[in-house]
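Undergrad: So that we are looking at the same thing, I have put the structure below in structure tokens.
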Amino acid sequence: MLWRNSPDSFGLTSKLLHWVTAALVFGLIGLGLYLANTKVRLDQLHLYGWHKATGLLAFSLILLRVAWRIISPPPEVIGTAGWQSVVAHWVHRLLFVCTIAMPITGWVASSATGFEMSFFGLFSIPLITPVSERLEDVFFALHGIIGRLLILLIILHVAGALQRQFVKRDGTLKRMWF
Ligand code: HEM
């Protein structure tokens, strides 16, 4: 299988980046919602560490995905079904915007708490803002709001892919599989 995309199919690089980032974002949403809705407990502090480090790993892969889209553009959307392709196009764009905004807002908010962060014990993650309760509150609130929007976009994206694969049977989902 080709590593690069072709005018009518996705290459292995895009497929791997798509499914790995999708799995990471699913996990991050689940763990993030759990942490935001649970009282902070000393024996669960490592979960915050995992969320932060995995969030930054996802961030790097998402930036790589954006770069790869420019280096090797994806194939055209199958079919030209009016409003549906407009919705699909905007959902894809907003998915990129939200998956980039999530790690940035999380990183800013966490930096503002002043707590040290580590990338899976390998190196320290730099704090990118001064300690500030105001910044912490604003950016955690943004992290929560963008997270809700991201969940909505993922639902639309998955519903669209399933509808096109199983109702319209145009092979959209199969094209992203291996
Ligand atoms: C693609 C990346 C990320 C996704 C999808 C994600 C997702 C989420 C979600 C859905 C929540 C729950 C928000 C709420 O209900 O208020 C959350 C909470 C949280 N996130 Fe992230 N996150 C990401 C990256 C990061 C990064 C990079 C950091 C820090 C370096 C971070 C730090 C946190 C913290 C500390 C919480 C708990 C907030 C609280 O206890 O109120 N996140 N995350």
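Just so we're on the same page: first chain in the structure tokens is A, next is B, and so on; residues restart at 1 for each chain, and ligands are numbered from 1 in the order they show up.
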Name each residue within 7 Å of ligand 1, counting only C-alpha atoms and all ligand atoms, as a tab-separated table (two decimals) with C-alpha atoms, in the first residue's frame.
TA:
chain	number	residue	atom	x	y	z
A	25	VAL	CA	-8.98	11.83	21.28
A	28	LEU	CA	-8.76	11.92	26.23
A	29	ILE	CA	-12.43	12.92	26.17
A	30	GLY	CA	-13.38	9.97	28.41
A	32	GLY	CA	-11.04	14.38	30.77
A	33	LEU	CA	-14.76	14.14	31.56
A	35	LEU	CA	-11.39	14.09	35.92
A	36	ALA	CA	-13.53	17.21	35.53
A	37	ASN	CA	-16.46	15.52	37.28
A	48	TYR	CA	-4.04	14.06	35.40
A	51	HIS	CA	-4.21	13.09	30.41
A	52	LYS	CA	-1.74	15.96	30.01
A	53	ALA	CA	1.05	13.87	28.45
A	55	GLY	CA	-2.98	15.31	25.18
A	56	LEU	CA	0.40	16.68	24.09
A	58	ALA	CA	-2.16	13.84	20.39
A	59	PHE	CA	-1.32	17.51	19.72
A	99	THR	CA	-8.49	19.16	18.23
A	100	ILE	CA	-5.80	21.87	18.02
A	102	MET	CA	-8.12	21.47	23.06
A	103	PRO	CA	-4.44	20.74	23.81
A	104	ILE	CA	-3.54	24.46	23.66
A	106	GLY	CA	-5.41	22.49	28.39
A	107	TRP	CA	-1.70	23.33	28.29
A	110	SER	CA	-2.44	23.60	33.41
A	140	PHE	CA	-10.25	25.43	31.83
A	141	ALA	CA	-13.70	26.88	31.00
A	143	HIS	CA	-11.29	23.56	27.47
A	144	GLY	CA	-14.72	22.40	28.73
A	147	GLY	CA	-14.65	19.77	24.49
A	148	ARG	CA	-18.50	19.79	24.26
Undergrad: Might you pull out every residue within 12 Å of Leu153 (chain A), with only C-alpha atoms counted and same-chain residues fewer than 4 positions away left off, and present them as JSON, numbers by chain?
TA: {"A": [87, 88, 89, 90, 91, 92, 93, 94, 95, 96, 97, 98, 99, 146, 147, 148, 149, 157, 158, 159, 160]}
Undergrad: CA of Ile62 (chain A) to CA of Ser124 (chain A): how many Å, to one decimal?
TA: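 Atom-to-atom, CA of Ile62 (chain A) and CA of Ser124 (chain A) are spaced 20.8 Å apart.
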Undergrad: Excluding Leu17 (chain A) and its own-chain neighbours fewer than 4 positions away, which residues fall within 9 Å of it when counting only C-alpha atoms? Please give them as a ChimeraX atom specification.
TA: /A:12-13,21-22,61-62,64-65
Undergrad: Could you write out that same residue set with N, CA and C atoms as a CSV table (one decimal), in the first residue's frame?
TA:
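Listing of out_33.csv after writing:
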chain,number,residue,atom,x,y,z
A,12,LEU,N,-1.2,5.0,3.5
A,12,LEU,CA,-1.1,4.4,4.8
A,12,LEU,C,-0.8,5.5,5.9
A,13,THR,N,0.0,6.5,5.5
A,13,THR,CA,0.3,7.5,6.5
A,13,THR,C,-1.0,8.2,7.0
A,21,THR,N,-5.0,9.1,16.0
A,21,THR,CA,-5.4,10.4,16.7
A,21,THR,C,-6.9,10.2,17.1
A,22,ALA,N,-7.7,9.4,16.4
A,22,ALA,CA,-9.1,9.2,16.8
A,22,ALA,C,-9.1,8.5,18.1
A,61,LEU,N,0.7,14.7,17.0
A,61,LEU,CA,0.2,13.9,15.9
A,61,LEU,C,-0.8,14.7,15.0
A,62,ILE,N,-1.6,15.5,15.7
A,62,ILE,CA,-2.6,16.3,14.9
A,62,ILE,C,-1.8,17.4,14.1
A,64,LEU,N,1.1,17.0,12.9
A,64,LEU,CA,1.7,16.2,11.8
A,64,LEU,C,0.7,15.9,10.7
A,65,ARG,N,-0.6,15.6,11.2
A,65,ARG,CA,-1.7,15.3,10.2
A,65,ARG,C,-1.9,16.5,9.3
Undergrad: Record the distance separating CA of Ile151 (chain A) and CA of Thr38 (chain A), expressed in Å with one decimal.
TA: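 Those two atoms sit 19.4 Å apart.
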Undergrad: Based on DSSP run over this structure's backbone, return all residues of region 93-156 of chain A in strand (DSSP E), as a list in words.
TA: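 Here is the list: Met117, Ser118, Phe119, Phe123, Ser124 and Ile125 of chain A.
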Undergrad: What does the file look like for those residues with N, CA and C atoms, as a CSV table (one decimal), in the first residue's frame?
TA:
chain,number,residue,atom,x,y,z
A,117,MET,N,4.8,19.5,35.1
A,117,MET,CA,4.2,18.5,34.2
A,117,MET,C,5.3,17.7,33.6
A,118,SER,N,5.0,16.4,33.4
A,118,SER,CA,6.1,15.6,32.8
A,118,SER,C,5.5,14.8,31.6
A,119,PHE,N,6.3,14.5,30.6
A,119,PHE,CA,5.9,13.7,29.5
A,119,PHE,C,6.2,12.3,29.7
A,123,PHE,N,10.6,13.7,30.1
A,123,PHE,CA,11.2,15.1,30.3
A,123,PHE,C,10.1,16.0,30.8
A,124,SER,N,10.5,17.1,31.3
A,124,SER,CA,9.4,18.1,31.8
A,124,SER,C,8.8,18.8,30.7
A,125,ILE,N,7.5,19.0,30.8
A,125,ILE,CA,6.7,19.8,29.9
A,125,ILE,C,6.8,21.2,30.3
Undergrad: Do a neighbour search on region 131-138 of chain A at 7 Å with only C-alpha atoms, toss out local chain neighbours closer than 4 positions, and write the hits as a PyMOL selection string.
TA: chain A and resi 109-114+142
Undergrad: Put those residues in a file: N, CA and C atoms, as a compact mmCIF listing (two decimals), in the first residue's frame.
TA:
# COMPACT_ATOMS: atom_id res chain seq x y z
N ALA A 109 -4.06 26.32 30.60
CA ALA A 109 -4.73 26.26 31.91
C ALA A 109 -3.85 25.52 32.92
N SER A 110 -3.26 24.38 32.49
CA SER A 110 -2.44 23.60 33.41
C SER A 110 -1.16 24.35 33.78
N SER A 111 -0.59 25.09 32.82
CA SER A 111 0.60 25.88 33.12
C SER A 111 0.27 26.94 34.17
N ALA A 112 -0.93 27.54 34.03
CA ALA A 112 -1.33 28.61 34.95
C ALA A 112 -1.49 28.12 36.38
N THR A 113 -1.65 26.80 36.58
CA THR A 113 -1.75 26.29 37.95
C THR A 113 -0.37 26.27 38.61
N GLY A 114 0.69 26.26 37.79
CA GLY A 114 2.06 26.26 38.33
C GLY A 114 2.58 24.87 38.70
N LEU A 142 -12.75 27.29 28.78
CA LEU A 142 -12.69 27.12 27.32
C LEU A 142 -12.47 25.65 26.95
Undergrad: Pick from A:Asp43, A:Asp170, A:Glu116, A:Asp8: nearest to Pro74 (chain A), with only C-alpha atoms counted?
TA: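 For Pro74 (chain A), the nearest of the given residues is A:Asp8.
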Undergrad: Residues near Thr172 (chain A), anyone? I mean within 8 Å using only C-alpha atoms, not counting same-chain ones fewer than 5 positions away, as number ranges by chain.
TA: A: 78, 161, 164-165
Undergrad: Just the number, please: distance in Å from CA of Leu47 (chain A) to CA of Val20 (chain A), one decimal.
TA: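 Answer for the CA of Leu47 (chain A) to CA of Val20 (chain A) separation: 20.1 Å.
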Undergrad: Please provide as a list in words all residues within 9 Å of Ser14 (chain A), with the sequence filter that same-chain residues fewer than 2 positions apart are discarded (counting only C-alpha atoms).
TA: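 My reading of the contact set: Trp3, Arg4, Asn5, Phe10, Gly11, Leu12, Leu16, Leu17, His18, Trp19, Arg65, Trp68, Arg69, Ser72, Pro74 and Met176 of chain A.
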Undergrad: Find, counting only C-alpha atoms, the residue in A:Thr105, A:Ser85, A:Leu57, A:Phe178 that gets nearest to Leu2 (chain A).
TA: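 With only C-alpha atoms as the atom set, the closest residue is A:Phe178.
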